[in-house]
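Participant: Provided below: start.tsv, containing TSV, C-alpha atoms and all ligand atoms.
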```tsv
chain	number	residue	atom	x	y	z
L	1	MET	CA	87.76	27.98	194.52
L	2	ILE	CA	90.85	28.68	196.63
L	3	VAL	CA	91.23	29.53	200.29
L	4	ILE	CA	94.14	31.87	201.01
L	5	ALA	CA	95.76	31.61	204.44
L	6	GLY	CA	98.62	33.70	205.81
L	7	VAL	CA	102.08	32.20	205.88
L	8	GLN	CA	102.06	32.39	209.70
L	9	THR	CA	98.77	30.48	210.00
L	10	PRO	CA	99.34	27.65	212.51
L	11	GLU	CA	99.21	24.11	211.19
L	12	GLU	CA	96.11	23.27	213.28
L	13	HIS	CA	94.11	26.02	211.52
L	14	ILE	CA	95.17	24.65	208.10
L	15	HIS	CA	94.10	21.15	209.27
L	16	ALA	CA	90.73	22.47	210.37
L	17	ILE	CA	90.18	24.14	206.97
L	18	VAL	CA	91.11	20.93	205.12
L	19	GLU	CA	88.84	18.86	207.36
L	20	THR	CA	85.90	21.20	206.75
L	21	ILE	CA	86.41	20.93	202.98
L	22	GLU	CA	86.76	17.13	203.01
L	23	LYS	CA	83.68	16.72	205.22
L	24	GLU	CA	81.69	18.22	202.32
L	25	GLY	CA	83.01	15.47	200.01
L	26	LEU	CA	85.44	17.80	198.21
L	27	GLN	CA	89.19	17.45	197.69
L	28	ALA	CA	91.61	19.92	199.29
L	29	HIS	CA	95.09	20.55	197.86
L	30	VAL	CA	97.45	22.45	200.13
L	31	SER	CA	100.25	24.46	198.54
L	32	ARG	CA	102.66	26.22	200.90
L	33	GLY	CA	104.37	29.24	199.37
L	34	SER	CA	106.87	31.71	200.79
L	35	ASP	CA	104.26	34.37	201.54
L	36	ARG	CA	100.99	32.46	201.83
L	37	THR	CA	99.37	29.03	201.93
L	38	ILE	CA	96.79	28.21	199.28
L	39	ILE	CA	94.17	25.51	199.80
L	40	GLY	CA	92.59	24.60	196.49
L	41	LEU	CA	89.13	23.01	196.42
L	42	ILE	CA	88.18	20.47	193.77
L	43	GLY	CA	84.45	19.88	193.36
L	44	SER	CA	81.36	21.99	193.33
L	45	VAL	CA	81.38	24.47	196.24
L	46	GLU	CA	78.09	25.55	197.83
L	47	PRO	CA	77.93	29.30	198.66
L	48	LYS	CA	77.26	28.31	202.32
L	49	LEU	CA	80.60	26.45	202.52
L	50	ALA	CA	82.46	29.38	200.93
L	51	GLU	CA	80.96	31.71	203.52
L	52	HIS	CA	81.81	29.33	206.37
L	53	LEU	CA	85.43	29.01	205.17
L	54	ARG	CA	85.73	32.79	204.95
L	55	GLN	CA	84.95	33.00	208.70
L	56	MET	CA	87.48	30.36	209.77
L	57	LYS	CA	90.63	31.19	211.72
L	58	GLY	CA	93.67	31.93	209.56
L	59	VAL	CA	91.66	32.52	206.37
L	60	GLU	CA	92.59	35.75	204.58
L	61	ASN	CA	90.37	35.33	201.55
L	62	VAL	CA	88.25	32.88	199.56
L	63	VAL	CA	88.46	33.35	195.78
L	64	LYS	CA	86.45	31.75	193.00
L	65	ILE	CA	88.56	30.28	190.17
L	66	SER	CA	86.73	30.13	186.88
L	67	LYS	CA	89.30	28.11	184.90
L	68	SER	CA	88.34	24.51	184.09
L	69	TYR	CA	91.81	23.27	185.02
L	70	LYS	CA	92.70	23.68	188.69
L	71	LEU	CA	95.77	21.69	189.73
L	72	ALA	CA	97.70	22.94	186.68
L	73	SER	CA	96.89	26.58	187.40
L	74	ARG	CA	99.13	29.06	189.13
L	75	ASP	CA	96.13	30.24	191.17
L	76	PHE	CA	96.09	26.86	192.94
L	77	HIS	CA	99.86	26.54	193.21
L	78	PRO	CA	101.62	29.94	193.14
L	79	GLU	CA	105.18	28.59	193.48
L	80	ASN	CA	106.98	26.99	190.51
L	81	THR	CA	106.91	23.21	190.47
L	82	VAL	CA	110.44	21.82	190.51
L	83	ILE	CA	110.79	18.23	189.31
L	84	SER	CA	113.87	16.62	190.83
L	85	ILE	CA	115.23	13.48	189.19
L	86	ASN	CA	118.57	12.10	190.40
L	87	GLY	CA	120.00	15.53	191.13
L	88	VAL	CA	118.60	17.26	188.01
L	89	ASN	CA	116.06	19.94	188.93
L	90	ILE	CA	113.64	20.81	186.15
L	91	GLY	CA	111.87	24.14	186.67
L	92	GLY	CA	114.17	25.28	189.43
L	93	GLY	CA	116.47	27.75	187.69
L	94	GLU	CA	118.80	25.17	186.17
L	95	LEU	CA	118.48	25.07	182.35
L	96	VAL	CA	117.84	21.43	181.44
L	97	ILE	CA	118.89	20.14	178.02
L	98	MET	CA	117.50	16.92	176.57
L	99	GLY	CA	119.34	15.83	173.45
L	100	GLY	CA	119.50	12.83	171.18
L	101	PRO	CA	118.10	11.20	168.08
L	102	CYS	CA	114.52	11.14	166.93
L	103	ALA	CA	114.58	7.36	167.21
L	104	VAL	CA	116.70	4.75	168.93
L	105	GLU	CA	118.02	2.86	165.91
L	106	SER	CA	120.62	0.47	167.35
L	107	ALA	CA	122.66	-0.06	170.51
L	108	THR	CA	125.78	1.40	168.84
L	109	GLN	CA	123.91	4.46	167.55
L	110	ILE	CA	122.37	5.37	170.91
L	111	ASP	CA	125.60	4.66	172.79
L	112	GLU	CA	127.64	6.94	170.50
L	113	ILE	CA	125.07	9.70	170.64
L	114	ALA	CA	124.72	9.39	174.45
L	115	ALA	CA	128.49	9.91	174.79
L	116	LEU	CA	128.26	13.10	172.70
L	117	VAL	CA	125.16	14.36	174.54
L	118	LYS	CA	126.96	13.90	177.86
L	119	ALA	CA	130.22	15.47	176.63
L	120	ALA	CA	128.31	18.55	175.45
L	121	GLY	CA	126.82	19.05	178.92
L	122	ALA	CA	123.20	17.95	178.47
L	123	GLN	CA	121.49	16.21	181.38
L	124	VAL	CA	118.93	14.04	179.54
L	125	LEU	CA	119.14	11.62	176.59
L	126	ARG	CA	116.14	11.67	174.26
L	127	GLY	CA	115.17	8.90	171.83
L	128	GLY	CA	111.95	7.32	170.64
L	129	ALA	CA	111.55	3.56	170.78
L	130	PHE	CA	107.87	3.77	169.78
L	131	LYS	CA	107.48	6.26	166.93
L	132	PRO	CA	104.18	7.96	166.04
L	133	ARG	CA	104.46	8.01	162.24
L	134	THR	CA	102.11	9.71	159.83
L	135	GLY	CA	102.32	6.78	157.41
L	136	PRO	CA	101.76	3.18	158.48
L	137	TYR	CA	104.62	1.92	156.28
L	138	SER	CA	107.21	4.30	157.78
L	139	PHE	CA	109.72	3.01	160.35
L	140	GLN	CA	107.76	2.59	163.59
L	141	GLY	CA	110.66	2.32	166.04
L	142	THR	CA	112.63	-0.46	167.68
L	143	GLY	CA	110.03	-0.99	170.45
L	144	VAL	CA	110.98	-2.63	173.74
L	145	GLU	CA	114.46	-3.49	172.44
L	146	GLY	CA	114.98	0.22	171.82
L	147	LEU	CA	113.87	1.00	175.38
L	148	ILE	CA	116.48	-1.42	176.72
L	149	MET	CA	119.23	0.00	174.47
L	150	MET	CA	118.45	3.51	175.61
L	151	ALA	CA	118.31	2.61	179.29
L	152	GLU	CA	121.76	1.01	178.97
L	153	ALA	CA	123.21	4.03	177.17
L	154	GLY	CA	121.71	6.37	179.77
L	155	LYS	CA	123.14	4.36	182.64
L	156	LYS	CA	126.58	4.03	181.01
L	157	HIS	CA	126.88	7.77	180.32
L	158	ASP	CA	125.15	8.96	183.49
L	159	LEU	CA	122.23	10.62	181.70
L	160	LEU	CA	118.54	10.65	182.51
L	161	THR	CA	116.41	9.28	179.67
L	162	ILE	CA	113.17	10.42	178.05
L	163	THR	CA	111.10	8.39	175.60
L	164	GLU	CA	107.64	8.59	174.05
L	165	VAL	CA	104.79	6.37	175.16
L	166	MET	CA	101.87	6.11	172.75
L	167	THR	CA	99.34	3.78	174.41
L	168	PRO	CA	98.17	3.06	177.97
L	169	GLU	CA	99.28	-0.60	177.57
L	170	TYR	CA	102.93	0.45	177.15
L	171	VAL	CA	103.08	2.91	180.06
L	172	ASP	CA	104.35	0.35	182.59
L	173	ILE	CA	107.17	-0.96	180.41
L	174	CYS	CA	108.26	2.54	179.36
L	175	ALA	CA	108.19	3.59	183.03
L	176	GLU	CA	110.37	0.61	183.89
L	177	TYR	CA	113.14	1.69	181.48
L	178	ALA	CA	112.93	5.49	181.14
L	179	ASP	CA	113.23	8.31	183.67
L	180	ILE	CA	110.75	10.61	181.91
L	181	LEU	CA	107.79	9.62	179.74
L	182	GLN	CA	106.91	11.79	176.76
L	183	VAL	CA	103.42	12.26	175.37
L	184	GLY	CA	103.65	13.27	171.71
L	185	THR	CA	101.69	16.04	170.05
L	186	ARG	CA	99.34	13.56	168.40
L	187	ASN	CA	98.37	12.08	171.76
L	188	MET	CA	97.88	15.24	173.80
L	189	GLN	CA	94.19	14.49	174.10
L	190	ASN	CA	94.45	10.70	174.38
L	191	PHE	CA	92.58	10.80	177.67
L	192	ASP	CA	93.02	7.11	178.52
L	193	LEU	CA	96.78	7.54	178.11
L	194	LEU	CA	96.77	10.70	180.24
L	195	ARG	CA	94.77	8.97	182.99
L	196	LYS	CA	97.18	6.05	183.03
L	197	LEU	CA	100.14	8.45	183.29
L	198	GLY	CA	98.53	9.90	186.40
L	199	THR	CA	99.51	6.73	188.24
L	200	CYS	CA	102.75	5.77	186.46
L	201	GLY	CA	105.11	7.09	189.14
L	202	LYS	CA	107.39	8.80	186.62
L	203	PRO	CA	107.63	12.45	185.49
L	204	VAL	CA	105.81	13.20	182.24
L	205	LEU	CA	106.70	15.63	179.46
L	206	LEU	CA	103.43	16.53	177.76
L	207	LYS	CA	103.75	17.97	174.26
L	208	ARG	CA	101.24	20.53	173.04
L	209	GLY	CA	98.89	19.23	170.38
L	210	PHE	CA	99.77	20.92	167.09
L	211	SER	CA	96.31	22.50	166.88
L	212	SER	CA	95.63	22.97	170.59
L	213	THR	CA	94.94	26.12	172.54
L	214	TYR	CA	96.68	26.84	175.83
L	215	ASP	CA	93.45	26.04	177.62
L	216	GLU	CA	93.17	22.60	175.98
L	217	PHE	CA	96.86	21.99	176.70
L	218	LEU	CA	96.49	22.80	180.39
L	219	ASN	CA	93.35	20.68	180.66
L	220	ALA	CA	95.33	17.75	179.22
L	221	ALA	CA	97.99	18.31	181.90
L	222	GLU	CA	95.18	18.43	184.48
L	223	TYR	CA	94.23	14.82	183.61
L	224	ILE	CA	97.71	13.62	184.64
L	225	LEU	CA	97.80	15.80	187.76
L	226	ALA	CA	94.29	14.77	188.78
L	227	GLY	CA	95.37	11.14	188.57
L	228	GLY	CA	97.91	11.80	191.33
L	229	ASN	CA	101.10	12.55	189.37
L	230	PRO	CA	102.38	16.06	190.25
L	231	ASN	CA	105.45	15.82	188.01
L	232	VAL	CA	104.31	17.16	184.66
L	233	MET	CA	106.27	19.43	182.31
L	234	LEU	CA	104.69	21.25	179.38
L	235	CYS	CA	106.40	21.23	176.00
L	236	GLU	CA	105.81	23.76	173.23
L	237	ARG	CA	106.75	21.98	169.98
L	238	GLY	CA	105.20	24.18	167.34
L	239	ILE	CA	101.71	24.52	166.03
L	240	ARG	CA	100.22	24.22	162.57
L	241	THR	CA	99.72	27.57	160.84
L	242	PHE	CA	99.30	28.73	157.24
L	243	GLU	CA	103.11	28.87	156.89
L	244	THR	CA	104.65	25.91	155.10
L	245	TYR	CA	108.30	27.04	154.95
L	246	THR	CA	108.77	25.64	158.45
L	247	ARG	CA	107.41	22.23	159.52
L	248	ASN	CA	105.49	23.93	162.34
L	249	THR	CA	105.43	27.42	163.84
L	250	LEU	CA	107.23	27.44	167.18
L	251	ASP	CA	104.93	29.53	169.37
L	252	LEU	CA	107.43	31.38	171.54
L	253	SER	CA	104.61	33.25	173.31
L	254	ALA	CA	103.53	29.91	174.73
L	255	ILE	CA	106.58	29.93	177.01
L	256	PRO	CA	105.75	33.05	179.07
L	257	VAL	CA	101.99	32.51	178.74
L	258	LEU	CA	102.15	28.97	180.13
L	259	GLN	CA	104.44	30.18	182.91
L	260	GLN	CA	101.89	32.85	183.82
L	261	LEU	CA	98.93	30.48	183.74
L	262	SER	CA	100.68	27.48	185.28
L	263	HIS	CA	103.40	26.54	187.77
L	264	LEU	CA	104.60	23.59	185.70
L	265	PRO	CA	108.06	23.68	184.02
L	266	VAL	CA	107.98	24.70	180.35
L	267	ILE	CA	110.23	23.00	177.81
L	268	SER	CA	110.71	24.05	174.18
L	269	ASP	CA	111.29	21.76	171.19
L	270	PRO	CA	112.86	23.85	168.41
L	271	SER	CA	113.52	20.72	166.30
L	272	HIS	CA	109.87	19.87	165.68
L	273	GLY	CA	109.01	23.55	166.09
L	274	THR	CA	110.90	24.44	162.92
L	275	GLY	CA	111.71	21.18	161.12
L	276	ARG	CA	114.86	22.82	159.75
L	277	ARG	CA	118.36	22.30	161.16
L	278	GLU	CA	119.51	25.86	160.40
L	279	LEU	CA	116.67	27.25	162.52
L	280	VAL	CA	117.20	25.04	165.55
L	281	VAL	CA	120.12	27.07	166.94
L	282	PRO	CA	118.45	30.52	166.79
L	283	MET	CA	115.10	29.17	168.04
L	284	THR	CA	116.81	27.38	170.92
L	285	LYS	CA	118.40	30.66	171.96
L	286	ALA	CA	115.10	32.49	171.50
L	287	SER	CA	113.38	29.90	173.70
L	288	VAL	CA	115.95	30.40	176.45
L	289	ALA	CA	115.54	34.18	176.16
L	290	ALA	CA	111.77	33.72	176.45
L	291	GLY	CA	112.28	31.88	179.75
L	292	ALA	CA	112.10	28.18	178.87
L	293	ASP	CA	113.08	25.88	181.73
L	294	GLY	CA	114.56	23.40	179.30
L	295	LEU	CA	114.97	22.31	175.70
L	296	ILE	CA	114.49	19.05	173.86
L	297	ILE	CA	116.72	19.01	170.79
L	298	GLU	CA	117.35	16.37	168.15
L	299	MET	CA	120.97	15.46	167.42
L	300	HIS	CA	122.26	12.65	165.21
L	301	THR	CA	125.71	11.43	164.18
L	302	ASP	CA	124.49	10.65	160.64
L	303	PRO	CA	121.32	12.70	160.12
L	304	ASP	CA	121.17	12.12	156.37
L	305	ASN	CA	120.68	8.42	157.03
L	306	SER	CA	118.41	8.65	160.09
L	307	MET	CA	115.68	6.00	160.05
L	308	THR	CA	112.93	8.59	160.49
L	309	GLY	CA	112.53	11.67	158.30
L	310	ASP	CA	113.81	13.84	161.14
L	311	GLY	CA	117.44	14.05	159.93
L	312	VAL	CA	116.71	17.44	158.36
L	313	GLN	CA	115.88	18.89	161.77
L	314	SER	CA	118.69	17.13	163.69
L	315	LEU	CA	121.85	18.99	164.65
L	316	PHE	CA	125.26	17.52	163.93
L	317	PRO	CA	127.18	16.70	167.13
L	318	ASP	CA	129.55	19.69	166.80
L	319	GLN	CA	126.62	22.09	166.27
L	320	PHE	CA	124.95	20.66	169.37
L	321	ALA	CA	128.13	21.08	171.45
L	322	ASP	CA	128.70	24.65	170.20
L	323	LEU	CA	125.08	25.53	170.93
L	324	LEU	CA	125.38	24.32	174.52
L	325	LYS	CA	128.54	26.41	174.98
L	326	ASP	CA	126.55	29.46	173.84
L	327	LEU	CA	123.73	28.56	176.25
L	328	GLU	CA	126.24	28.62	179.07
L	329	LEU	CA	126.71	32.33	178.31
L	330	LEU	CA	123.04	33.05	177.62
L	331	ALA	CA	121.49	31.27	180.60
L	332	PRO	CA	122.78	33.66	183.32
L	333	ALA	CA	121.37	36.63	181.37
L	334	VAL	CA	117.88	35.25	182.06
L	335	GLY	CA	118.55	34.13	185.62
L	336	LYS	CA	119.28	30.47	184.83
L	337	THR	CA	122.32	28.31	185.40
L	338	PHE	CA	123.87	25.95	182.89
L	339	HIS	CA	127.41	24.58	182.76
L	340	THR	CA	129.20	22.57	180.12
L	341	PRO	CA	131.79	20.02	181.34
L	342	SER	CA	134.67	22.25	180.18
L	343	THR	CA	133.85	24.84	182.84
L	344	VAL	CA	132.97	22.45	185.66
L	345	SER	CA	136.08	21.86	187.78
M	401	LIG	O1	109.22	10.19	163.66
M	401	LIG	C1	109.20	11.26	164.10
M	401	LIG	C2	108.51	12.43	163.62
M	401	LIG	O2	108.99	13.51	164.38
M	401	LIG	C3	107.04	12.38	163.81
M	401	LIG	O3	106.73	11.57	164.85
M	401	LIG	C4	106.29	11.86	162.65
M	401	LIG	O4	106.87	12.18	161.51
M	401	LIG	P1	106.30	11.68	160.14
M	401	LIG	O5	105.20	12.60	159.79
M	401	LIG	O6	107.50	11.82	159.26
M	401	LIG	O7	105.89	10.26	160.30
M	402	LIG	C1	107.48	12.66	167.66
M	402	LIG	C2	108.04	13.59	168.42
M	402	LIG	O1	107.56	14.81	168.64
M	402	LIG	P1	106.10	15.42	168.39
M	402	LIG	O2	105.16	14.57	169.14
M	402	LIG	O3	106.25	16.80	168.92
M	402	LIG	O4	105.89	15.39	166.92
M	402	LIG	C3	109.34	13.36	169.08
M	402	LIG	O5	109.77	14.19	169.88
M	402	LIG	O6	109.94	12.31	168.80
```
Mind turning the file's structure into structure tokens?
Ligand SMILES: O=C[C@H](O)[C@H](O)COP(=O)(O)O
Ligand SMILES: C=C(OP(=O)(O)O)C(=O)O

Facilitator:
Amino acid sequence: MIVIAGVQTPEEHIHAIVETIEKEGLQAHVSRGSDRTIIGLIGSVEPKLAEHLRQMKGVENVVKISKSYKLASRDFHPENTVISINGVNIGGGELVIMGGPCAVESATQIDEIAALVKAAGAQVLRGGAFKPRTGPYSFQGTGVEGLIMMAEAGKKHDLLTITEVMTPEYVDICAEYADILQVGTRNMQNFDLLRKLGTCGKPVLLKRGFSSTYDEFLNAAEYILAGGNPNVMLCERGIRTFETYTRNTLDLSAIPVLQQLSHLPVISDPSHGTGRRELVVPMTKASVAAGADGLIIEMHTDPDNSMTGDGVQSLFPDQFADLLKDLELLAPAVGKTFHTPSTVS
């Protein structure tokens, strides 16, 4: 249920509404927008309370919300969530590019790639230290050492960093070294992990499970939000369909749909979404055209020898740089800003 109050409603009336809700043992979440204030109720609302709230000063309407997720929904929070990290605003009109290798392989590798990511104009360095591999004998990542290597590269090249965390036990150490924590597709419904991320103090990029509906995806995000972490971004990374030509089917509709249903920033991953290098460039551009707030793109200096199988979906550095130059032209056409270093004075 949400209580809608006018934008001019005095603060004391909003306080009184919140107090009334909390007295009934429910939670109240206040979201102040440009044209109205929304007070979202979490918990089971008795019809008597709804009626009482309707009569209170400043209340314009009381509306029942039938969705199972609340905090993630646009009904509860009509304005876009903007996640600000060291001057980078995700979800606020600036196109945010996260680039880098599938896995952190060595200090030299991540340092070289970080330099190229920065030179191309991206704001975030990606790289997995803990890799979720299909086969137990495949390279599993460089672990904590990889986290340290990536943190150093990020600091040296003035880039934010994003890395995947696979278990609740590793959340604290990943949060110590990375700016953004990534939940991989295979862990979208790892509820213990999601709960732990609710209290980790760092923004989270939640990837859509490869067989998950939008509703399941938003409920997974709700776990993190309900734990007290408001900084969640949603990432469409392709779903499993009958098509085998591509590794996954990048669901472009997810971008506008999630933006309609939710206020959280939406990021697209055309690398995992296609699994084919030659499709990454067009699907990146298609994602921007569809309204994505950001992209996470794999790039490698020596993709043929990458330690995971992801070389085939990784761009070469010059392709990555050329793509970002094209995004500089495309972004304004969809109301976003993005600048490569060559055009920043
Ligand atoms: O390693 C990275 C891959 O993107 C993914 O996590 C798993 O791939 P795999 O099926 O080759 O192990
Ligand atoms: C493993 C990754 O992605 P996904 O969880 O989407 O497969 C990744 O981005 O490194």

Participant: When you count only C-alpha atoms, which of these residues is closest to Arg36 (chain L): L:Lys70, L:Arg54, L:Arg237, L:His77?

Facilitator: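 Closest to Arg36 (chain L), using only C-alpha atoms: L:His77.
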
Participant: Restricting the calculation to all atoms listed in the file: of L:Arg195, L:Arg32, L:His15, L:Arg240, which residue gets closest to ligand LIG 402 (chain M)?

Facilitator: L:Arg240

Participant: Which residue out of L:Pro303, L:Gly87, L:Pro101, L:Pro78 has the minimum interatomic distance to ligand LIG 401 (chain M) when only C-alpha atoms and all ligand atoms are used?

Facilitator: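 When distances to ligand LIG 401 (chain M) are compared using only C-alpha atoms and all ligand atoms, the smallest one comes from L:Pro101.
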
Participant: Which residues sit within 8 Å of ligand LIG 401 (chain M), counting all atoms listed in the file, listed as a PyMOL selection string?

Facilitator: chain L and resi 102-103+131-135+138-140+184+272+308-310

Participant: For CA of Gly127 (chain L) and CA of Lys336 (chain L), determine how far apart the two atoms are, in Å to one decimal place.

Facilitator: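 CA of Gly127 (chain L) sits 25.5 Å away from CA of Lys336 (chain L).
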
Participant: Hey, which of L:Tyr177, L:Phe217, L:Tyr137, L:Tyr245 ends up closest to Ser73 (chain L)? Count all atoms listed in the file.

Facilitator: L:Phe217

Participant: Neighbours of region 311-321 of chain L within 10 Å (all atoms listed in the file; same-chain residues fewer than 2 positions away dropped), as a PDB file with C-alpha atoms, in the frame of the given file?

Facilitator:
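Output below, filename selection29.pdb:
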```pdb
ATOM      1  CA  GLY L  99     119.340  15.830 173.450  1.00  0.00           C
ATOM      2  CA  GLY L 100     119.500  12.830 171.180  1.00  0.00           C
ATOM      3  CA  PRO L 101     118.100  11.200 168.080  1.00  0.00           C
ATOM      4  CA  CYS L 102     114.520  11.140 166.930  1.00  0.00           C
ATOM      5  CA  ILE L 113     125.070   9.700 170.640  1.00  0.00           C
ATOM      6  CA  LEU L 116     128.260  13.100 172.700  1.00  0.00           C
ATOM      7  CA  VAL L 117     125.160  14.360 174.540  1.00  0.00           C
ATOM      8  CA  LYS L 118     126.960  13.900 177.860  1.00  0.00           C
ATOM      9  CA  ALA L 119     130.220  15.470 176.630  1.00  0.00           C
ATOM     10  CA  ALA L 120     128.310  18.550 175.450  1.00  0.00           C
ATOM     11  CA  GLY L 121     126.820  19.050 178.920  1.00  0.00           C
ATOM     12  CA  ALA L 122     123.200  17.950 178.470  1.00  0.00           C
ATOM     13  CA  ARG L 247     107.410  22.230 159.520  1.00  0.00           C
ATOM     14  CA  PRO L 270     112.860  23.850 168.410  1.00  0.00           C
ATOM     15  CA  SER L 271     113.520  20.720 166.300  1.00  0.00           C
ATOM     16  CA  HIS L 272     109.870  19.870 165.680  1.00  0.00           C
ATOM     17  CA  GLY L 273     109.010  23.550 166.090  1.00  0.00           C
ATOM     18  CA  THR L 274     110.900  24.440 162.920  1.00  0.00           C
ATOM     19  CA  GLY L 275     111.710  21.180 161.120  1.00  0.00           C
ATOM     20  CA  ARG L 276     114.860  22.820 159.750  1.00  0.00           C
ATOM     21  CA  ARG L 277     118.360  22.300 161.160  1.00  0.00           C
ATOM     22  CA  GLU L 278     119.510  25.860 160.400  1.00  0.00           C
ATOM     23  CA  LEU L 279     116.670  27.250 162.520  1.00  0.00           C
ATOM     24  CA  VAL L 280     117.200  25.040 165.550  1.00  0.00           C
ATOM     25  CA  VAL L 281     120.120  27.070 166.940  1.00  0.00           C
ATOM     26  CA  ILE L 297     116.720  19.010 170.790  1.00  0.00           C
ATOM     27  CA  GLU L 298     117.350  16.370 168.150  1.00  0.00           C
ATOM     28  CA  MET L 299     120.970  15.460 167.420  1.00  0.00           C
ATOM     29  CA  HIS L 300     122.260  12.650 165.210  1.00  0.00           C
ATOM     30  CA  THR L 301     125.710  11.430 164.180  1.00  0.00           C
ATOM     31  CA  ASP L 302     124.490  10.650 160.640  1.00  0.00           C
ATOM     32  CA  PRO L 303     121.320  12.700 160.120  1.00  0.00           C
ATOM     33  CA  ASP L 304     121.170  12.120 156.370  1.00  0.00           C
ATOM     34  CA  ASN L 305     120.680   8.420 157.030  1.00  0.00           C
ATOM     35  CA  SER L 306     118.410   8.650 160.090  1.00  0.00           C
ATOM     36  CA  MET L 307     115.680   6.000 160.050  1.00  0.00           C
ATOM     37  CA  THR L 308     112.930   8.590 160.490  1.00  0.00           C
ATOM     38  CA  GLY L 309     112.530  11.670 158.300  1.00  0.00           C
ATOM     39  CA  LEU L 323     125.080  25.530 170.930  1.00  0.00           C
ATOM     40  CA  LEU L 324     125.380  24.320 174.520  1.00  0.00           C
ATOM     41  CA  LYS L 325     128.540  26.410 174.980  1.00  0.00           C
ATOM     42  CA  ASP L 326     126.550  29.460 173.840  1.00  0.00           C
ATOM     43  CA  LEU L 327     123.730  28.560 176.250  1.00  0.00           C
ATOM     44  CA  THR L 340     129.200  22.570 180.120  1.00  0.00           C
TER      45      THR L 340
END
```

Participant: So which one's closest to ligand LIG 402 (chain M), L:Gly128, L:Gly198, L:Pro230, L:Pro47? Using only C-alpha atoms and all ligand atoms, please.

Facilitator: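 Closest candidate: L:Gly128.
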
Participant: Which residue is closest to Asn80 (chain L)? Choose from L:Asp293, L:Pro332, L:Gly92, L:Val7 and count only C-alpha atoms.

Facilitator: L:Gly92

Participant: Hey, can you check how far CA of Tyr170 (chain L) sits from CA of Asn248 (chain L)?

Facilitator: 27.9 Å

Participant: Please report the interatomic distance between atom C1 of ligand LIG 402 (chain M) and CA of Thr185 (chain L) in Å with one decimal.

Facilitator: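 Between these atoms lies a distance of 7.1 Å.
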
Participant: Output as JSON the centre and edge lengths (Å, one decimal) of the box along x, y and z of the file that holds every listed atom of region 253-258 of chain L after adding 5 Å on each side.

Facilitator:
```
{"center_x": 104.3, "center_y": 31.1, "center_z": 176.7, "size_x": 14.6, "size_y": 14.3, "size_z": 16.8}
```

Participant: Pick out the residues sitting within 10 Å of Thr213 (chain L), and hand them over as a VMD selection string; count all atoms listed in the file, and ignore anything fewer than 5 positions along from it in its own chain.

Facilitator: chain L and resid 208 218 to 219 239 254

Participant: Fewer than 5 positions away in the same chain doesn't count, so skip those; otherwise give me all residues within 12 Å of Asn89 (chain L), counting only C-alpha atoms, as a compact mmCIF listing (two decimals) with C-alpha atoms, keeping the file's coordinate frame.

Facilitator:
```txt
# COMPACT_ATOMS: atom_id res chain seq x y z
CA ASN L 80 106.98 26.99 190.51
CA THR L 81 106.91 23.21 190.47
CA VAL L 82 110.44 21.82 190.51
CA ILE L 83 110.79 18.23 189.31
CA SER L 84 113.87 16.62 190.83
CA GLU L 94 118.80 25.17 186.17
CA LEU L 95 118.48 25.07 182.35
CA VAL L 96 117.84 21.43 181.44
CA ILE L 97 118.89 20.14 178.02
CA GLN L 123 121.49 16.21 181.38
CA VAL L 124 118.93 14.04 179.54
CA LEU L 160 118.54 10.65 182.51
CA PRO L 203 107.63 12.45 185.49
CA ASN L 231 105.45 15.82 188.01
CA MET L 233 106.27 19.43 182.31
CA PRO L 265 108.06 23.68 184.02
CA ASP L 293 113.08 25.88 181.73
CA GLY L 294 114.56 23.40 179.30
CA LYS L 336 119.28 30.47 184.83
CA THR L 337 122.32 28.31 185.40
CA PHE L 338 123.87 25.95 182.89
```

Participant: Neighbours of Met150 (chain L) within 8 Å (only C-alpha atoms; same-chain residues fewer than 4 positions away dropped), as a list in words?

Facilitator: Val104, Ala107, Ile110, Asp111, Gly127, Gly146, Gly154 and Thr161 of chain L
